[in-house]
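Taking it in order: structure first as structure tokens, then the write-up.
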Amino acid sequence: MRCARRAAMPEFTAAQQQLLRDHRLAWFAGRIIHDARPPISDTQLAEVEQRLGSRLPPELIALWRCAFGGRLDYELCVDYDGHLHPYSFNELFYPDSDGYHDLWGWLEHEQECAEEVAVENGEEWNGRVGFLPIGGFEYLERVYVCVEPEAFGAIYVWSRALPPAWPLRLHEDALTRVADDLCGLFELLGFDEDPFAEGADAGQELLEAVDELAASGAEGEALAQLLQSSLRPLVRDWRAALEQGRIAGEPELQRLALTHAVRSGDIALLEQLRDQGCDLGRLLTGGGNAPVHARVMQREVVIHWFAEQGVAEYQLDGDVA
């Protein structure tokens, strides 16, 4: 499978694989699934294909052979035509889950939508959908695997709009392609802040699950250390890039550093970023640049600093209140 070539996979022994299953953990494409469900059975796989009316991409089958459902605790930023959106990909759908909808419920939702579109276009619906929803977050975010021949296996993500009263958020529903396949999507998952740092928010559910594994004995502790070592390279470390003088060539790390500076009111950090040649006017999340974020967060000192640098507010039309 292509995932095995693209993600360095630890060589788990049979005993370690069983220990992972015992603690409801699974490994796929270099990422850890916690609260993992048992692998899909041949009967369940046949039922999915029958309900969908299509065969499934090999990467999706590989994922479900690892865990047919579970949770993810990584961070992902999606670019919706310039609007950078912090995307919640927390759930892997499965039948009979206790989420907003289970896998069958989301598939039925797509079927209903496809039928409505066909009726609106004066066509007879053929009973098929071209996209299978496989995960997301409640009713706000959904991840789709394309099963149409022209983009078979490609990954699309959808986000629901929020009311205009929510500044720096999407105010129109959005859909975009983010990866050629499921392995490519998993490669995008990482951490904007170090989950091992004191007071960190990201990745804490995952670390708690790994800690429970570590508490199960010597074998569990060794396996937990292996899993923890796989998480550290996934930190998008803008601090190291800044210290090494290479942040000007790392647009994503620039974005994270600027966001941190605005939120914390750190003028010294902003000056460092300026002196290293960073683009102070680049878009951050929500379709607005750093001065827009400073205004929304009411960081008066930061607002004045950007004005002194001649960096004006810029935002995508209609994206922020």
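Residue numbering restarts at 1 in every chain; chains get A, B, ... in the order shown in the structure tokens, and ligands count up from 1 in that same order.
Here the DSSP assignment of strand (DSSP E), based on backbone atoms, applies within stretch 40-126 of chain A to Gly70, Arg71, Leu76, Cys77, Val78, Asp79, Tyr80, His83, Leu84, His85, Pro86, Tyr87, Glu91 and Leu92 of chain A.
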Print the selection's residues with N, CA, C and O atoms to a file, as a CSV table (one decimal), in the first residue's frame.
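The resulting file, result-v2.csv, is reproduced below:
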chain,number,residue,atom,x,y,z
A,70,GLY,N,-13.0,5.5,15.2
A,70,GLY,CA,-12.1,6.0,16.3
A,70,GLY,C,-12.0,7.5,16.3
A,70,GLY,O,-12.8,8.2,15.7
A,71,ARG,N,-11.0,8.0,17.0
A,71,ARG,CA,-10.8,9.4,17.2
A,71,ARG,C,-9.4,9.8,16.9
A,71,ARG,O,-8.5,9.0,17.1
A,76,LEU,N,-5.2,20.6,11.9
A,76,LEU,CA,-5.2,20.7,10.5
A,76,LEU,C,-5.8,22.1,10.1
A,76,LEU,O,-6.7,22.5,10.6
A,77,CYS,N,-5.1,22.7,9.1
A,77,CYS,CA,-5.6,24.0,8.6
A,77,CYS,C,-5.9,23.8,7.1
A,77,CYS,O,-5.0,23.3,6.4
A,78,VAL,N,-7.1,24.2,6.7
A,78,VAL,CA,-7.6,24.0,5.4
A,78,VAL,C,-7.7,25.4,4.7
A,78,VAL,O,-8.2,26.3,5.3
A,79,ASP,N,-7.2,25.4,3.5
A,79,ASP,CA,-7.2,26.7,2.7
A,79,ASP,C,-8.5,26.6,1.8
A,79,ASP,O,-8.5,25.9,0.8
A,80,TYR,N,-9.5,27.4,2.1
A,80,TYR,CA,-10.7,27.6,1.3
A,80,TYR,C,-10.5,28.8,0.5
A,80,TYR,O,-11.0,29.9,0.9
A,83,HIS,N,-9.1,31.6,2.5
A,83,HIS,CA,-9.6,31.6,3.8
A,83,HIS,C,-9.0,30.4,4.6
A,83,HIS,O,-9.4,29.3,4.3
A,84,LEU,N,-8.0,30.6,5.4
A,84,LEU,CA,-7.4,29.6,6.2
A,84,LEU,C,-8.2,29.2,7.4
A,84,LEU,O,-8.5,30.0,8.2
A,85,HIS,N,-8.7,28.0,7.4
A,85,HIS,CA,-9.7,27.5,8.3
A,85,HIS,C,-9.1,26.4,9.3
A,85,HIS,O,-8.7,25.4,8.8
A,86,PRO,N,-9.1,26.7,10.6
A,86,PRO,CA,-8.7,25.6,11.5
A,86,PRO,C,-9.8,24.5,11.5
A,86,PRO,O,-10.9,24.7,11.9
A,87,TYR,N,-9.4,23.3,10.9
A,87,TYR,CA,-10.4,22.3,10.6
A,87,TYR,C,-10.4,21.2,11.7
A,87,TYR,O,-9.3,20.8,12.1
A,91,GLU,N,-13.3,12.8,14.4
A,91,GLU,CA,-14.0,11.5,14.4
A,91,GLU,C,-13.8,10.7,13.1
A,91,GLU,O,-13.7,11.3,12.1
A,92,LEU,N,-13.7,9.4,13.3
A,92,LEU,CA,-13.7,8.5,12.1
A,92,LEU,C,-15.1,7.8,12.3
A,92,LEU,O,-15.3,7.0,13.2
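Surrounding stretch 143-152 of chain A within 7 Å are Ser54, Leu56, Pro57, Gly130, Phe131, Leu132, Pro133, Ile134, Gly135, Gly136, Val157 and Trp158 of chain A, with only C-alpha atoms counted and residues fewer than 5 positions along the same chain left out.
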8 Å contact set for A:Arg37, only C-alpha atoms, chain neighbours under 2 positions out, as a PyMOL selection string: chain A and resi 24+35+39+67-70
Take the residues just selected and output them with N, CA, C and O atoms as an mmCIF file, in the first residue's frame.
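Saved the output as again_28.cif:
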data_model
loop_
_atom_site.group_PDB
_atom_site.id
_atom_site.type_symbol
_atom_site.label_atom_id
_atom_site.label_comp_id
_atom_site.auth_asym_id
_atom_site.auth_seq_id
_atom_site.Cartn_x
_atom_site.Cartn_y
_atom_site.Cartn_z
ATOM 1 N N ARG A 24 -7.077 0.064 22.720
ATOM 2 C CA ARG A 24 -7.884 0.776 21.736
ATOM 3 C C ARG A 24 -7.075 1.863 21.038
ATOM 4 O O ARG A 24 -7.510 3.004 20.868
ATOM 5 N N ASP A 35 -9.120 5.534 20.962
ATOM 6 C CA ASP A 35 -10.497 5.058 21.057
ATOM 7 C C ASP A 35 -10.851 4.277 19.787
ATOM 8 O O ASP A 35 -11.971 4.379 19.263
ATOM 9 N N PRO A 39 -11.000 -3.727 13.719
ATOM 10 C CA PRO A 39 -10.919 -3.660 12.251
ATOM 11 C C PRO A 39 -12.220 -4.102 11.596
ATOM 12 O O PRO A 39 -12.990 -4.888 12.158
ATOM 13 N N ALA A 67 -8.602 0.151 11.891
ATOM 14 C CA ALA A 67 -9.638 0.542 12.860
ATOM 15 C C ALA A 67 -10.866 1.006 12.086
ATOM 16 O O ALA A 67 -10.764 1.930 11.280
ATOM 17 N N PHE A 68 -11.981 0.376 12.341
ATOM 18 C CA PHE A 68 -13.236 0.781 11.698
ATOM 19 C C PHE A 68 -13.941 1.765 12.621
ATOM 20 O O PHE A 68 -14.959 1.475 13.229
ATOM 21 N N GLY A 69 -13.348 2.962 12.704
ATOM 22 C CA GLY A 69 -13.866 4.005 13.581
ATOM 23 C C GLY A 69 -12.884 4.330 14.681
ATOM 24 O O GLY A 69 -12.031 3.516 15.054
ATOM 25 N N GLY A 70 -12.976 5.537 15.201
ATOM 26 C CA GLY A 70 -12.094 5.965 16.278
ATOM 27 C C GLY A 70 -12.011 7.474 16.320
ATOM 28 O O GLY A 70 -12.824 8.182 15.703
#
Who sits within 9 Å of A:Leu273, only C-alpha atoms, same chain under 3 positions skipped, as a short mmCIF file (atom, residue, chain, number, x, y, z; two decimals) with N, CA, C and O atoms, in the first residue's frame:
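selection13.cif written:
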data_model
loop_
_atom_site.label_atom_id
_atom_site.label_comp_id
_atom_site.auth_asym_id
_atom_site.auth_seq_id
_atom_site.Cartn_x
_atom_site.Cartn_y
_atom_site.Cartn_z
N LEU A 242 12.67 30.17 13.90
CA LEU A 242 13.05 31.54 14.20
C LEU A 242 14.48 31.60 14.74
O LEU A 242 15.30 32.41 14.30
N ILE A 247 12.93 31.12 9.23
CA ILE A 247 11.47 31.22 9.24
C ILE A 247 10.94 32.00 8.04
O ILE A 247 9.80 31.77 7.60
N ALA A 248 11.75 32.88 7.45
CA ALA A 248 11.28 33.63 6.29
C ALA A 248 10.97 32.72 5.10
O ALA A 248 10.17 33.09 4.23
N GLN A 254 5.61 30.97 9.63
CA GLN A 254 5.39 32.42 9.79
C GLN A 254 3.98 32.69 10.31
O GLN A 254 3.78 33.51 11.21
N ALA A 257 3.72 31.82 13.97
CA ALA A 257 4.46 32.76 14.81
C ALA A 257 3.73 34.10 14.91
O ALA A 257 3.63 34.69 16.00
N LEU A 258 3.23 34.59 13.77
CA LEU A 258 2.49 35.85 13.79
C LEU A 258 1.22 35.72 14.64
O LEU A 258 0.88 36.64 15.40
N ALA A 268 8.19 42.13 20.93
CA ALA A 268 9.56 41.69 20.68
C ALA A 268 9.59 40.59 19.61
O ALA A 268 10.47 40.57 18.74
N LEU A 269 8.64 39.69 19.68
CA LEU A 269 8.56 38.62 18.68
C LEU A 269 8.22 39.20 17.31
O LEU A 269 8.81 38.80 16.30
N LEU A 270 7.29 40.13 17.26
CA LEU A 270 6.96 40.77 15.99
C LEU A 270 8.19 41.46 15.39
O LEU A 270 8.39 41.39 14.16
N GLN A 276 13.76 39.37 10.40
CA GLN A 276 14.16 38.19 9.62
C GLN A 276 13.48 38.14 8.25
O GLN A 276 13.62 37.16 7.52
N GLY A 277 12.77 39.20 7.90
CA GLY A 277 12.22 39.30 6.56
C GLY A 277 10.89 38.61 6.36
O GLY A 277 10.52 38.29 5.21
N CYS A 278 10.14 38.38 7.43
CA CYS A 278 8.84 37.72 7.29
C CYS A 278 7.81 38.68 6.71
O CYS A 278 7.93 39.90 6.84
N ASP A 279 6.80 38.11 6.08
CA ASP A 279 5.72 38.89 5.49
C ASP A 279 4.71 39.21 6.58
O ASP A 279 3.85 38.40 6.92
N LEU A 280 4.79 40.40 7.12
CA LEU A 280 3.92 40.80 8.23
C LEU A 280 2.47 40.98 7.80
O LEU A 280 1.57 40.97 8.64
#
Quick check for you: according to DSSP on this backbone, which residues of stretch 12-185 of chain A are classed as helix (DSSP H, G or I)? Reply as number ranges by chain. A: 14-22, 42-52, 58-66, 103-120, 149-151, 182-185
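Picture a line from atom CA of A:Gln244 to atom CA of A:Glu308; it runs 26.9 Å.
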If you count only C-alpha atoms, which residues fall within 8 Å of stretch 214-229 of chain A, apart from same-chain ones fewer than 2 positions away, as an mmCIF file with C-alpha atoms, in the first residue's frame?
data_model
loop_
_atom_site.group_PDB
_atom_site.id
_atom_site.type_symbol
_atom_site.label_atom_id
_atom_site.label_comp_id
_atom_site.auth_asym_id
_atom_site.auth_seq_id
_atom_site.Cartn_x
_atom_site.Cartn_y
_atom_site.Cartn_z
ATOM 1 C CA PRO A 10 7.470 1.272 13.376
ATOM 2 C CA GLN A 16 2.854 -4.974 20.529
ATOM 3 C CA LEU A 19 -1.189 -4.468 23.214
ATOM 4 C CA ILE A 32 -2.202 7.326 15.997
ATOM 5 C CA VAL A 210 -0.749 6.812 25.394
ATOM 6 C CA ASP A 211 -0.142 7.426 29.108
ATOM 7 C CA GLU A 212 -2.654 4.687 29.945
ATOM 8 C CA LEU A 231 4.563 12.653 17.732
ATOM 9 C CA ARG A 232 7.502 14.977 18.293
ATOM 10 C CA PRO A 233 8.439 15.436 14.591
#
